[in-house]
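Asks: Here you go, coords.cif (mmCIF, C-alpha atoms):
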data_upload
#
loop_
_atom_site.label_atom_id
_atom_site.label_comp_id
_atom_site.auth_asym_id
_atom_site.auth_seq_id
_atom_site.Cartn_x
_atom_site.Cartn_y
_atom_site.Cartn_z
CA MET A 17 -82.37 -52.91 46.88
CA ALA A 18 -79.33 -52.53 49.15
CA ALA A 19 -77.03 -54.47 46.77
CA PRO A 20 -77.67 -52.23 43.71
CA LEU A 21 -77.19 -49.14 45.89
CA VAL A 22 -73.84 -50.48 47.11
CA LEU A 23 -72.78 -51.10 43.49
CA VAL A 24 -73.73 -47.52 42.54
CA VAL A 25 -71.77 -46.18 45.52
CA LEU A 26 -68.71 -48.27 44.65
CA ALA A 27 -68.85 -47.09 41.02
CA ALA A 28 -69.18 -43.46 42.10
CA VAL A 29 -66.29 -43.69 44.59
CA THR A 30 -64.09 -45.41 41.98
CA VAL A 31 -64.75 -42.66 39.42
CA ARG A 32 -63.94 -39.95 41.95
CA ALA A 33 -60.81 -41.69 43.22
CA ALA A 34 -59.54 -42.13 39.64
CA LEU A 35 -60.16 -38.47 38.81
CA TYR A 36 -58.42 -37.33 42.00
CA ARG A 37 -55.30 -39.14 40.80
CA SER A 38 -55.52 -37.80 37.24
CA SER A 39 -54.26 -34.57 35.71
CA LEU A 40 -57.88 -33.47 35.23
CA ALA A 41 -58.32 -32.72 38.95
CA ALA A 42 -56.38 -29.43 38.79
CA PHE A 43 -58.20 -28.41 35.59
CA ILE A 44 -61.65 -29.12 37.08
CA ALA A 45 -60.81 -27.27 40.32
CA GLU A 46 -60.13 -24.09 38.32
CA ARG A 47 -63.36 -24.21 36.31
CA VAL A 48 -65.64 -21.25 37.11
CA GLU A 49 -68.68 -23.47 36.46
CA VAL A 50 -67.65 -25.78 39.30
CA ALA A 51 -66.11 -23.46 41.91
CA SER A 52 -67.34 -19.98 42.85
CA PRO A 53 -65.81 -17.32 45.12
CA LEU A 54 -67.99 -18.74 47.90
CA ASN A 55 -67.04 -22.41 47.76
CA ALA A 56 -63.71 -22.73 45.90
CA TRP A 57 -61.26 -25.07 47.63
CA LYS A 58 -58.26 -22.79 47.11
CA ARG A 59 -60.06 -20.11 49.11
CA VAL A 60 -60.66 -22.58 51.94
CA VAL A 61 -56.93 -23.41 51.92
CA GLU A 62 -56.15 -19.67 52.05
CA GLY A 63 -58.48 -19.27 55.02
CA LEU A 64 -56.84 -22.20 56.81
CA ALA A 65 -53.40 -20.67 56.24
CA LEU A 66 -54.55 -17.39 57.81
CA LEU A 67 -56.12 -19.26 60.73
CA ASP A 68 -52.86 -21.15 61.36
CA LEU A 69 -51.00 -17.84 61.44
CA GLY A 70 -53.36 -16.53 64.11
CA VAL A 71 -55.04 -14.10 61.68
CA SER A 72 -58.79 -13.97 61.17
CA PRO A 73 -59.62 -15.71 57.86
CA TYR A 74 -62.17 -12.95 57.26
CA SER A 75 -59.65 -10.12 57.52
CA GLY A 76 -59.14 -10.08 53.76
CA ALA A 77 -61.46 -10.43 50.76
CA ILE A 78 -60.60 -14.05 49.91
CA PHE A 79 -62.41 -16.36 52.33
CA HIS A 80 -66.23 -16.36 52.42
CA GLU A 81 -67.10 -19.77 53.84
CA THR A 82 -68.66 -20.23 57.27
CA PRO A 83 -66.60 -20.74 60.46
CA LEU A 84 -67.86 -24.31 60.92
CA ILE A 85 -66.48 -25.28 57.51
CA ILE A 86 -63.03 -23.84 58.18
CA TYR A 87 -62.82 -25.54 61.58
CA LEU A 88 -64.01 -28.82 60.07
CA PHE A 89 -61.15 -28.79 57.56
CA HIS A 90 -58.74 -27.45 60.15
CA PHE A 91 -58.80 -30.98 61.57
CA LEU A 92 -59.51 -32.94 58.38
CA ILE A 93 -57.39 -31.13 55.79
CA GLU A 94 -55.23 -34.25 55.26
CA TYR A 95 -58.34 -36.28 54.46
CA ALA A 96 -60.14 -33.70 52.31
CA GLU A 97 -60.62 -36.00 49.33
CA LEU A 98 -62.09 -38.72 51.55
CA VAL A 99 -64.36 -36.17 53.27
CA PHE A 100 -65.84 -35.03 49.95
CA MET A 101 -66.38 -38.59 48.70
CA ILE A 102 -68.10 -39.57 51.97
CA THR A 103 -70.20 -36.39 51.80
CA ASP A 104 -71.47 -37.30 48.32
CA VAL A 105 -72.26 -40.86 49.41
CA LEU A 106 -74.15 -39.62 52.49
CA THR A 107 -76.14 -37.21 50.32
CA ALA A 108 -77.13 -40.00 47.94
CA VAL A 109 -78.09 -42.36 50.79
CA ALA A 110 -80.15 -39.62 52.48
CA LEU A 111 -82.00 -38.92 49.20
CA TYR A 112 -82.50 -42.66 48.65
CA LEU A 113 -84.09 -43.12 52.09
CA ALA A 114 -86.16 -39.94 51.75
CA ILE A 115 -87.66 -40.94 48.41
CA GLN A 116 -88.25 -44.48 49.67
CA ASP A 117 -90.42 -43.07 52.47
CA PHE A 118 -92.06 -40.53 50.16
CA ASN A 119 -93.12 -43.29 47.77
CA LYS A 120 -94.83 -45.12 50.62
CA VAL A 121 -96.74 -41.94 51.51
CA VAL A 122 -97.74 -41.39 47.85
CA PHE A 123 -98.98 -44.97 47.51
CA LYS A 124 -101.08 -44.75 50.71
CA LYS A 125 -102.54 -41.42 49.59
CA GLN A 126 -103.41 -42.84 46.16
CA LYS A 127 -105.08 -45.86 47.74
CA LEU A 128 -107.15 -43.65 50.05
CA LEU A 129 -108.27 -41.33 47.23
CA ILE A 130 -109.26 -44.32 45.08
CA GLU A 131 -111.33 -45.75 47.94
CA LEU A 132 -113.03 -42.37 48.43
CA ASP A 133 -113.77 -42.12 44.66
CA LYS A 134 -111.83 -38.87 44.36
CA TYR A 135 -110.32 -39.93 41.03
CA ALA A 136 -112.14 -40.00 37.69
CA PRO A 137 -113.03 -43.53 36.47
CA ASP A 138 -110.87 -43.45 33.31
CA VAL A 139 -107.50 -42.51 34.88
CA ALA A 140 -106.20 -45.96 35.82
CA GLU A 141 -103.19 -45.51 33.52
CA LEU A 142 -102.16 -42.36 35.45
CA ILE A 143 -102.05 -44.13 38.81
CA GLN A 144 -98.53 -44.99 40.00
CA THR A 145 -98.06 -48.70 40.75
CA PRO A 146 -95.67 -50.17 43.34
CA MET A 147 -93.66 -51.78 40.51
CA GLU A 148 -93.14 -48.40 38.83
CA MET A 149 -92.14 -46.78 42.10
CA HIS A 150 -89.84 -49.59 43.27
CA TYR A 151 -86.66 -48.43 41.53
CA ILE A 152 -87.18 -44.67 41.87
CA PRO A 153 -85.05 -44.29 45.07
CA LEU A 154 -82.17 -46.13 43.37
CA LYS A 155 -82.50 -43.93 40.28
CA VAL A 156 -82.37 -40.82 42.48
CA ALA A 157 -79.14 -42.03 44.12
CA LEU A 158 -77.77 -42.92 40.68
CA PHE A 159 -78.73 -39.53 39.21
CA TYR A 160 -76.94 -37.78 42.04
CA LEU A 161 -73.79 -39.88 42.42
CA LEU A 162 -73.01 -40.38 38.73
CA ASN A 163 -74.15 -36.98 37.48
CA PRO A 164 -71.07 -35.33 35.88
CA TYR A 165 -71.97 -32.10 37.70
CA THR A 166 -71.76 -33.86 41.08
CA VAL A 167 -68.56 -35.69 40.14
CA MET A 168 -66.87 -32.45 39.07
CA SER A 169 -67.94 -30.66 42.27
CA CYS A 170 -66.48 -33.49 44.34
CA VAL A 171 -63.21 -33.61 42.38
CA ALA A 172 -62.87 -29.80 42.63
CA LYS A 173 -63.52 -30.13 46.39
CA SER A 174 -66.20 -27.47 46.16
CA THR A 175 -67.94 -26.97 49.51
CA CYS A 176 -71.21 -26.96 47.56
CA ALA A 177 -71.10 -30.75 48.10
CA ILE A 178 -71.37 -30.17 51.87
CA ASN A 179 -74.29 -27.76 51.39
CA ASN A 180 -76.06 -30.40 49.27
CA SER A 181 -75.51 -33.00 51.97
CA VAL A 182 -77.05 -30.78 54.65
CA ILE A 183 -80.08 -30.10 52.42
CA ALA A 184 -80.43 -33.84 51.68
CA PHE A 185 -80.53 -34.63 55.41
CA PHE A 186 -83.04 -31.81 55.90
CA ILE A 187 -85.25 -33.43 53.23
CA LEU A 188 -84.86 -36.85 54.86
CA ALA A 189 -85.76 -35.50 58.32
CA THR A 190 -88.78 -33.67 56.89
CA ILE A 191 -90.15 -36.69 55.02
CA LYS A 192 -89.57 -38.88 58.09
CA GLY A 193 -91.74 -36.37 59.98
CA SER A 194 -89.13 -35.22 62.51
CA ALA A 195 -89.85 -31.52 63.05
CA PHE A 196 -86.84 -31.06 65.34
CA LEU A 197 -84.23 -32.57 62.99
CA SER A 198 -85.86 -30.87 60.01
CA ALA A 199 -85.56 -27.47 61.72
CA VAL A 200 -81.95 -28.14 62.78
CA PHE A 201 -80.80 -29.18 59.29
CA LEU A 202 -82.73 -26.33 57.68
CA ALA A 203 -81.02 -23.90 60.07
CA LEU A 204 -77.66 -25.43 59.19
CA ALA A 205 -78.41 -25.15 55.45
CA THR A 206 -79.49 -21.51 55.89
CA TYR A 207 -76.35 -20.83 57.91
CA GLN A 208 -74.25 -22.29 55.09
CA SER A 209 -75.72 -20.46 52.09
CA LEU A 210 -78.71 -18.31 53.20
CA TYR A 211 -81.03 -19.20 50.29
CA PRO A 212 -82.37 -22.48 51.79
CA LEU A 213 -84.47 -20.19 54.00
CA THR A 214 -87.08 -20.50 51.22
CA LEU A 215 -87.36 -24.24 51.92
CA PHE A 216 -89.07 -23.44 55.23
CA ALA A 217 -92.48 -23.23 53.48
CA PRO A 218 -92.50 -26.66 51.76
CA ALA A 219 -91.09 -28.32 54.88
CA LEU A 220 -93.79 -26.78 57.06
CA LEU A 221 -96.54 -27.80 54.62
CA TYR A 222 -95.30 -31.40 54.54
CA LEU A 223 -95.05 -31.63 58.33
CA LEU A 224 -98.55 -30.19 58.70
CA GLN A 225 -99.82 -32.92 56.36
CA ARG A 226 -98.00 -35.58 58.41
CA GLN A 227 -99.75 -34.30 61.54
CA PHE A 228 -103.15 -34.14 59.75
CA ILE A 229 -103.40 -30.44 60.60
CA PRO A 230 -105.61 -28.50 58.15
CA ILE A 231 -103.80 -25.77 56.22
CA LYS A 232 -106.23 -22.99 57.06
CA LEU A 233 -105.30 -19.51 58.24
CA LYS A 234 -108.22 -19.53 60.70
CA SER A 235 -107.12 -22.79 62.30
CA LYS A 236 -105.51 -22.46 65.75
CA SER A 237 -103.68 -25.77 65.36
CA PHE A 238 -102.14 -24.49 62.10
CA TRP A 239 -100.68 -21.39 63.74
CA LEU A 240 -99.59 -23.29 66.85
CA TYR A 241 -97.63 -25.86 64.83
CA THR A 242 -96.20 -23.15 62.57
CA MET A 243 -94.95 -21.20 65.60
CA GLN A 244 -93.43 -24.36 67.10
CA TYR A 245 -91.55 -25.22 63.90
CA ALA A 246 -90.47 -21.60 63.35
CA SER A 247 -89.21 -21.42 66.96
CA LEU A 248 -87.21 -24.63 66.55
CA TYR A 249 -85.72 -23.28 63.31
CA LEU A 250 -84.82 -19.85 64.71
CA CYS A 251 -83.41 -21.26 67.95
CA SER A 252 -81.24 -23.71 65.99
CA LEU A 253 -80.01 -20.90 63.74
CA VAL A 254 -79.18 -18.67 66.72
CA VAL A 255 -77.28 -21.52 68.42
CA ILE A 256 -75.23 -22.22 65.28
CA ILE A 257 -74.40 -18.54 64.77
CA CYS A 258 -73.42 -18.15 68.44
CA LEU A 259 -71.23 -21.25 68.18
CA SER A 260 -69.49 -19.63 65.21
CA PHE A 261 -68.91 -16.51 67.30
CA PHE A 262 -67.37 -18.53 70.14
CA LEU A 263 -65.06 -20.32 67.70
CA LEU A 264 -63.78 -17.05 66.21
CA ASN A 265 -64.49 -14.65 69.06
CA SER A 266 -65.65 -12.24 66.38
CA TRP A 267 -68.69 -11.36 64.28
CA ASP A 268 -66.53 -10.73 61.19
CA PHE A 269 -67.98 -13.77 59.44
CA ILE A 270 -71.46 -12.22 59.10
CA PRO A 271 -70.54 -9.45 56.60
CA SER A 272 -67.91 -11.69 54.98
CA VAL A 273 -70.34 -14.55 54.33
CA TYR A 274 -73.90 -13.21 54.23
CA GLY A 275 -73.00 -9.66 53.20
CA PHE A 276 -70.93 -11.16 50.38
CA ILE A 277 -73.82 -13.36 49.20
CA LEU A 278 -76.33 -10.48 49.22
CA SER A 279 -74.22 -7.59 47.91
CA VAL A 280 -72.39 -9.61 45.17
CA PRO A 281 -69.10 -7.63 45.23
CA ASP A 282 -67.04 -10.29 43.41
CA LEU A 283 -67.98 -10.36 39.72
CA THR A 284 -65.93 -13.41 38.78
CA PRO A 285 -67.74 -15.11 35.85
CA ASN A 286 -69.90 -18.10 36.77
CA ILE A 287 -73.01 -19.87 35.48
CA GLY A 288 -75.30 -17.35 37.21
CA LEU A 289 -77.11 -14.26 36.01
CA PHE A 290 -75.50 -11.63 38.25
CA TRP A 291 -71.86 -11.19 37.20
CA TYR A 292 -72.19 -9.80 33.65
CA PHE A 293 -75.16 -7.59 34.45
CA PHE A 294 -73.43 -5.84 37.35
CA ALA A 295 -70.08 -5.61 35.57
CA GLU A 296 -71.78 -3.49 32.89
CA MET A 297 -73.94 -1.42 35.26
CA PHE A 298 -73.30 2.09 36.58
CA GLU A 299 -72.38 1.98 40.26
CA HIS A 300 -75.24 4.20 41.49
CA PHE A 301 -77.84 1.77 40.06
CA SER A 302 -76.28 -1.37 41.52
CA LEU A 303 -78.00 -1.38 44.94
CA PHE A 304 -81.48 -1.20 43.41
CA PHE A 305 -80.81 -3.99 40.92
CA VAL A 306 -79.06 -6.18 43.50
CA CYS A 307 -82.28 -6.02 45.53
CA VAL A 308 -84.37 -6.83 42.44
CA PHE A 309 -82.18 -9.82 41.53
CA GLN A 310 -82.06 -11.16 45.10
CA ILE A 311 -85.84 -10.88 45.51
CA ASN A 312 -86.23 -13.36 42.63
CA VAL A 313 -85.21 -16.27 44.84
CA PHE A 314 -87.77 -15.38 47.52
CA PHE A 315 -90.52 -13.90 45.36
CA TYR A 316 -91.96 -17.19 44.07
CA THR A 317 -92.24 -18.87 47.47
CA ILE A 318 -95.67 -17.53 48.49
CA PRO A 319 -97.50 -18.10 45.16
CA LEU A 320 -95.99 -21.59 44.88
CA ALA A 321 -97.01 -22.33 48.49
CA ILE A 322 -100.60 -21.37 47.64
CA LYS A 323 -100.71 -23.37 44.39
CA LEU A 324 -98.84 -26.45 45.67
CA LYS A 325 -99.94 -26.56 49.30
CA GLU A 326 -101.24 -30.12 48.79
CA HIS A 327 -97.98 -31.20 47.11
CA PRO A 328 -95.11 -29.94 49.29
CA VAL A 329 -92.44 -32.31 47.92
CA PHE A 330 -92.98 -31.08 44.36
CA PHE A 331 -92.93 -27.54 45.80
CA LEU A 332 -89.58 -28.38 47.42
CA PHE A 333 -88.20 -29.61 44.08
CA VAL A 334 -89.27 -26.41 42.29
CA GLN A 335 -87.85 -24.24 45.07
CA LEU A 336 -84.47 -26.03 44.89
CA ALA A 337 -84.42 -25.35 41.14
CA ILE A 338 -85.24 -21.67 41.67
CA ILE A 339 -82.40 -21.37 44.19
CA SER A 340 -79.89 -22.95 41.80
CA ILE A 341 -80.94 -20.61 38.97
CA PHE A 342 -81.28 -17.29 40.78
CA LYS A 343 -78.70 -17.42 43.60
CA SER A 344 -75.80 -14.98 43.33
CA TYR A 345 -72.96 -17.51 43.02
CA PRO A 346 -74.37 -20.76 41.55
CA THR A 347 -72.31 -23.74 40.46
CA VAL A 348 -73.12 -26.99 38.66
CA GLY A 349 -73.24 -28.71 42.06
CA ASP A 350 -76.42 -26.76 42.86
CA VAL A 351 -77.97 -27.89 39.57
CA ALA A 352 -77.08 -31.53 40.33
CA LEU A 353 -79.12 -31.53 43.55
CA TYR A 354 -82.48 -30.68 42.04
CA MET A 355 -81.79 -32.81 38.94
CA ALA A 356 -81.47 -35.83 41.23
CA PHE A 357 -85.23 -35.50 41.84
CA LEU A 358 -86.18 -35.89 38.17
CA PRO A 359 -86.74 -39.69 38.46
CA VAL A 360 -89.32 -38.99 41.20
CA TRP A 361 -91.47 -37.30 38.56
CA SER A 362 -90.98 -39.97 35.87
CA HIS A 363 -94.77 -40.43 35.77
CA LEU A 364 -94.99 -36.92 34.28
CA TYR A 365 -92.96 -37.76 31.15
CA ARG A 366 -96.06 -38.31 29.00
CA PHE A 367 -97.14 -34.72 29.70
CA LEU A 368 -93.77 -33.02 29.13
CA ARG A 369 -93.73 -30.94 25.96
CA ASN A 370 -90.10 -30.03 25.31
CA ILE A 371 -88.01 -32.46 27.35
CA PHE A 372 -85.82 -33.64 24.44
CA ILE A 373 -85.02 -30.14 23.19
CA LEU A 374 -84.32 -28.82 26.70
CA SER A 375 -82.11 -31.80 27.53
CA CYS A 376 -80.08 -31.12 24.38
CA VAL A 377 -79.80 -27.42 25.26
CA LEU A 378 -78.45 -28.17 28.74
CA ILE A 379 -76.00 -30.79 27.44
CA PHE A 380 -74.68 -28.58 24.64
CA CYS A 381 -74.34 -25.62 26.99
CA SER A 382 -72.33 -27.80 29.40
CA PHE A 383 -69.88 -28.65 26.62
CA LEU A 384 -69.72 -25.08 25.31
CA PHE A 385 -68.87 -23.50 28.68
CA PRO A 386 -65.15 -24.45 28.58
CA VAL A 387 -64.94 -23.81 24.82
CA LEU A 388 -66.19 -20.23 25.01
CA TRP A 389 -64.14 -19.61 28.17
CA HIS A 390 -61.02 -20.68 26.30
CA LEU A 391 -61.88 -18.46 23.32
CA TRP A 392 -62.43 -15.49 25.63
CA ILE A 393 -59.63 -15.83 28.20
CA TYR A 394 -56.86 -17.69 26.36
CA ALA A 395 -57.35 -17.36 22.59
CA GLY A 396 -58.64 -13.78 22.74
CA SER A 397 -60.91 -14.41 19.76
CA ALA A 398 -64.12 -13.89 21.77
CA ASN A 399 -65.27 -11.66 24.62
CA SER A 400 -67.43 -11.79 27.73
CA ASN A 401 -70.60 -11.50 25.63
CA PHE A 402 -69.98 -14.98 24.20
CA TYR A 403 -69.60 -16.59 27.60
CA TYR A 404 -72.58 -14.76 29.09
CA ALA A 405 -74.69 -15.77 26.09
CA ILE A 406 -74.13 -19.45 26.82
CA THR A 407 -74.72 -18.80 30.53
CA LEU A 408 -78.02 -17.12 29.70
CA THR A 409 -79.01 -20.00 27.42
CA PHE A 410 -78.18 -22.52 30.15
CA ASN A 411 -80.35 -20.69 32.70
CA ILE A 412 -83.22 -20.22 30.25
CA GLY A 413 -83.01 -23.97 29.58
CA GLN A 414 -83.31 -24.65 33.32
CA ILE A 415 -86.24 -22.25 33.69
CA LEU A 416 -88.08 -23.87 30.77
CA LEU A 417 -87.32 -27.35 32.14
CA VAL A 418 -88.80 -26.54 35.55
CA SER A 419 -91.77 -24.79 33.88
CA ASP A 420 -92.35 -27.89 31.75
CA TYR A 421 -92.42 -30.13 34.82
CA PHE A 422 -94.70 -27.67 36.60
CA TYR A 423 -97.11 -27.69 33.64
CA ALA A 424 -97.00 -31.50 33.42
CA PHE A 425 -97.65 -31.85 37.16
CA LEU A 426 -100.69 -29.55 37.11
CA ARG A 427 -102.02 -31.23 33.97
CA ARG A 428 -101.83 -34.70 35.50
CA GLU A 429 -103.54 -33.50 38.70
CA TYR A 430 -106.37 -32.01 36.63
CA TYR A 431 -106.81 -35.23 34.65
CA LEU A 432 -106.91 -37.31 37.83
CA THR A 433 -110.00 -35.48 39.07
CA HIS A 434 -111.71 -34.59 35.78
CA GLY A 435 -110.80 -37.58 33.61
CA LEU A 436 -108.53 -38.04 30.61
CA HIS A 437 -111.24 -37.53 28.01
CA LEU A 438 -112.46 -33.96 28.42
CA THR A 439 -115.56 -32.74 26.57
CA ARG A 440 -117.22 -29.38 26.08
CA GLN A 441 -120.86 -28.71 26.93
CA ASP A 442 -121.84 -29.55 23.35
CA GLY A 443 -120.17 -32.97 23.59
CA THR A 444 -117.13 -32.20 21.40
CA GLU A 445 -113.62 -33.02 22.56
CA ALA A 446 -111.98 -30.31 24.68
CA MET A 447 -108.31 -29.40 25.02
CA LEU A 448 -106.72 -28.53 28.35
CA VAL A 449 -104.86 -25.19 28.30
CA LEU A 450 -102.78 -23.92 31.21
CA LYS A 451 -103.17 -20.17 31.78
#
Let me see the structure of the file written as structure tokens.
Replies:
Amino acid sequence: MAAPLVLVVLAAVTVRAALYRSSLAAFIAERVEVASPLNAWKRVVEGLALLDLGVSPYSGAIFHETPLIIYLFHFLIEYAELVFMITDVLTAVALYLAIQDFNKVVFKKQKLLIELDKYAPDVAELIQTPMEMHYIPLKVALFYLLNPYTVMSCVAKSTCAINNSVIAFFILATIKGSAFLSAVFLALATYQSLYPLTLFAPALLYLLQRQFIPIKLKSKSFWLYTMQYASLYLCSLVVIICLSFFLLNSWDFIPSVYGFILSVPDLTPNIGLFWYFFAEMFEHFSLFFVCVFQINVFFYTIPLAIKLKEHPVFFLFVQLAIISIFKSYPTVGDVALYMAFLPVWSHLYRFLRNIFILSCVLIFCSFLFPVLWHLWIYAGSANSNFYYAITLTFNIGQILLVSDYFYAFLRREYYLTHGLHLTRQDGTEAMLVLK
């Protein structure tokens, strides 16, 4: 499997290197779908210029990245293109290794449940075989490295690529069962963009499963392990934040980074749901609705944790999708990360209801983004309503896609335990309906 992975990596690096040397690089870097006020490369360059002049990069309203990022590129600015290509490759390799280990766990769990007669007798066709699972890690790496969204983020030098890499290593550490590294990378991901805080729940559930600790609120071992993992996470986060303070000798980065993410003061158009809504809103209502919008990212965590407590990796996938849809400054790079997991759920395809239509919606929206932007900004023959309409369609498409996978996942789990051929009490054929 190593040889195909190397070929995928070489192809991905070649595509990126070619685009870096083309005239498209400047065009892609300016696209609002690819770069946001949080992660745009030109803002990083502005912050570096201020730092070189001995001025705090957070003294203005331009730079909103974390101190660790600016000090990283302070030393590697000459090799920025190489850094972003290596970052993408590391992300893909981390996802490849994570899914490789996850498949082994799934296969062992399936084997155990079959031996214990937990599955219905007529569901052999729903059981994943080693042959089916063999190429899934490679497909995940392929889906990430050669996804146009990922390629554009890399070419634009959006720091979203670095955030994705940190999250990928967090996933790898979690699936490997390393609580310490999982907590450290989760703290680093939270430090970078705040929203990965919601990934604490699926990570904890997976680690509890690895330790064979029952997920029961009355269990002492459950609370002990939860406190240990939470302590590791919080201590790591405090250390990283303190390190940032020592680098800058100032706490200015906290309102400039996290205050900026939560209060959404910059209403530059993007593929998210915030900018148009708050541009049209009266000022005295904005605080209330900012809170309502921000709660969306965190609101679904507890109900999903209850419903998917036995399936934390699928929970993690859904949570990544929710973050990419409802965060305040999303880009296509965020979408690319959760889409890389779609091959992992290839066994759900038979239960998906609208996959073709939703795929077409997302593809057409991707092509229409630059068209409607041009009509609005340059041609003047459209207005912001046109661009927001396609943004709204794109996000509705994502929501329906994740909902479709969620429905398919629950349906398959029900069939595994109750059988494919459901009957009513009178012996007639029954239909499964998700409510």
Asks: Counting all atoms listed in the file, what are the residues of stretch 69-139 of chain A within 10 Å of stretch 349-359 of chain A, and for each of them which pair of atoms is the nearest and at what distance in Å, to one decimal? Sort the table by chain and rising number, as a tab-separated table.
Replies:
residue	atom	partner	partner_atom	distance
A:Thr107	CA	A:Leu353	CA	9.3
A:Ala108	CA	A:Ala356	CA	9.0
A:Leu111	CA	A:Ala356	CA	8.6
A:Ile115	CA	A:Phe357	CA	8.9
Asks: Just want the 9 Å neighbourhood of A:Ser247, counted on only C-alpha atoms, with same-chain residues fewer than 5 positions away dropped. Output as number ranges by chain.
Replies: A: 199, 242, 252
Asks: Using all atoms listed in the file for the distances, tell me which of A:Ala195, A:Asp68, A:Val200, A:Thr103 is nearest to A:Tyr160.
Replies: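 Of A:Ala195, A:Asp68, A:Val200, A:Thr103, the one nearest A:Tyr160, counting all atoms listed in the file, is A:Thr103.
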Asks: Got a sec to resolve the PyMOL selection byres ((chain A and resi 428) around 12) on this structure and send the residues as number ranges by chain?
Replies: A: 135-136, 139, 141-144, 361, 363-368, 421-427, 429-436, 448, 450
Asks: Could those selected residues go to a file with C-alpha atoms, as an mmCIF file, keeping the file's coordinate frame?
Replies:
data_model
loop_
_atom_site.group_PDB
_atom_site.id
_atom_site.type_symbol
_atom_site.label_atom_id
_atom_site.label_comp_id
_atom_site.auth_asym_id
_atom_site.auth_seq_id
_atom_site.Cartn_x
_atom_site.Cartn_y
_atom_site.Cartn_z
ATOM 1 C CA TYR A 135 -110.320 -39.930 41.030
ATOM 2 C CA ALA A 136 -112.140 -40.000 37.690
ATOM 3 C CA VAL A 139 -107.500 -42.510 34.880
ATOM 4 C CA GLU A 141 -103.190 -45.510 33.520
ATOM 5 C CA LEU A 142 -102.160 -42.360 35.450
ATOM 6 C CA ILE A 143 -102.050 -44.130 38.810
ATOM 7 C CA GLN A 144 -98.530 -44.990 40.000
ATOM 8 C CA TRP A 361 -91.470 -37.300 38.560
ATOM 9 C CA HIS A 363 -94.770 -40.430 35.770
ATOM 10 C CA LEU A 364 -94.990 -36.920 34.280
ATOM 11 C CA TYR A 365 -92.960 -37.760 31.150
ATOM 12 C CA ARG A 366 -96.060 -38.310 29.000
ATOM 13 C CA PHE A 367 -97.140 -34.720 29.700
ATOM 14 C CA LEU A 368 -93.770 -33.020 29.130
ATOM 15 C CA TYR A 421 -92.420 -30.130 34.820
ATOM 16 C CA PHE A 422 -94.700 -27.670 36.600
ATOM 17 C CA TYR A 423 -97.110 -27.690 33.640
ATOM 18 C CA ALA A 424 -97.000 -31.500 33.420
ATOM 19 C CA PHE A 425 -97.650 -31.850 37.160
ATOM 20 C CA LEU A 426 -100.690 -29.550 37.110
ATOM 21 C CA ARG A 427 -102.020 -31.230 33.970
ATOM 22 C CA GLU A 429 -103.540 -33.500 38.700
ATOM 23 C CA TYR A 430 -106.370 -32.010 36.630
ATOM 24 C CA TYR A 431 -106.810 -35.230 34.650
ATOM 25 C CA LEU A 432 -106.910 -37.310 37.830
ATOM 26 C CA THR A 433 -110.000 -35.480 39.070
ATOM 27 C CA HIS A 434 -111.710 -34.590 35.780
ATOM 28 C CA GLY A 435 -110.800 -37.580 33.610
ATOM 29 C CA LEU A 436 -108.530 -38.040 30.610
ATOM 30 C CA LEU A 448 -106.720 -28.530 28.350
ATOM 31 C CA LEU A 450 -102.780 -23.920 31.210
#
Asks: Provide the atom CA of A:Leu320 to atom CA of A:Leu336 distance in Å, to one decimal place.
Replies: 12.3 Å
Asks: What's around A:Ile412 at 10 Å? Count only C-alpha atoms, leave out sequence neighbours fewer than 6 positions away in its own chain, and write the answer as JSON, numbers by chain.
Replies: {"A": [341, 374, 377, 378, 406, 418]}
Asks: Could you write out that same residue set with C-alpha atoms as a compact mmCIF listing (two decimals), in the frame of the given file?
Replies:
# COMPACT_ATOMS: atom_id res chain seq x y z
CA ILE A 341 -80.94 -20.61 38.97
CA LEU A 374 -84.32 -28.82 26.70
CA VAL A 377 -79.80 -27.42 25.26
CA LEU A 378 -78.45 -28.17 28.74
CA ILE A 406 -74.13 -19.45 26.82
CA VAL A 418 -88.80 -26.54 35.55
Asks: Using the chain letters and numbers from this file, what does the PyMOL selection byres ((chain A and resi 168) around 10) select? Give the answer as a ChimeraX atom specification.
Replies: /A:32,35,40-41,44-45,47,49-51,163-167,169-174,348-349
Asks: Kindly save the residues from that selection, with C-alpha atoms included, as a CSV table (one decimal), keeping the file's coordinate frame.
Replies:
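Once written, result-v8.csv looks like this:
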chain,number,residue,atom,x,y,z
A,32,ARG,CA,-63.9,-40.0,42.0
A,35,LEU,CA,-60.2,-38.5,38.8
A,40,LEU,CA,-57.9,-33.5,35.2
A,41,ALA,CA,-58.3,-32.7,39.0
A,44,ILE,CA,-61.6,-29.1,37.1
A,45,ALA,CA,-60.8,-27.3,40.3
A,47,ARG,CA,-63.4,-24.2,36.3
A,49,GLU,CA,-68.7,-23.5,36.5
A,50,VAL,CA,-67.6,-25.8,39.3
A,51,ALA,CA,-66.1,-23.5,41.9
A,163,ASN,CA,-74.2,-37.0,37.5
A,164,PRO,CA,-71.1,-35.3,35.9
A,165,TYR,CA,-72.0,-32.1,37.7
A,166,THR,CA,-71.8,-33.9,41.1
A,167,VAL,CA,-68.6,-35.7,40.1
A,169,SER,CA,-67.9,-30.7,42.3
A,170,CYS,CA,-66.5,-33.5,44.3
A,171,VAL,CA,-63.2,-33.6,42.4
A,172,ALA,CA,-62.9,-29.8,42.6
A,173,LYS,CA,-63.5,-30.1,46.4
A,174,SER,CA,-66.2,-27.5,46.2
A,348,VAL,CA,-73.1,-27.0,38.7
A,349,GLY,CA,-73.2,-28.7,42.1
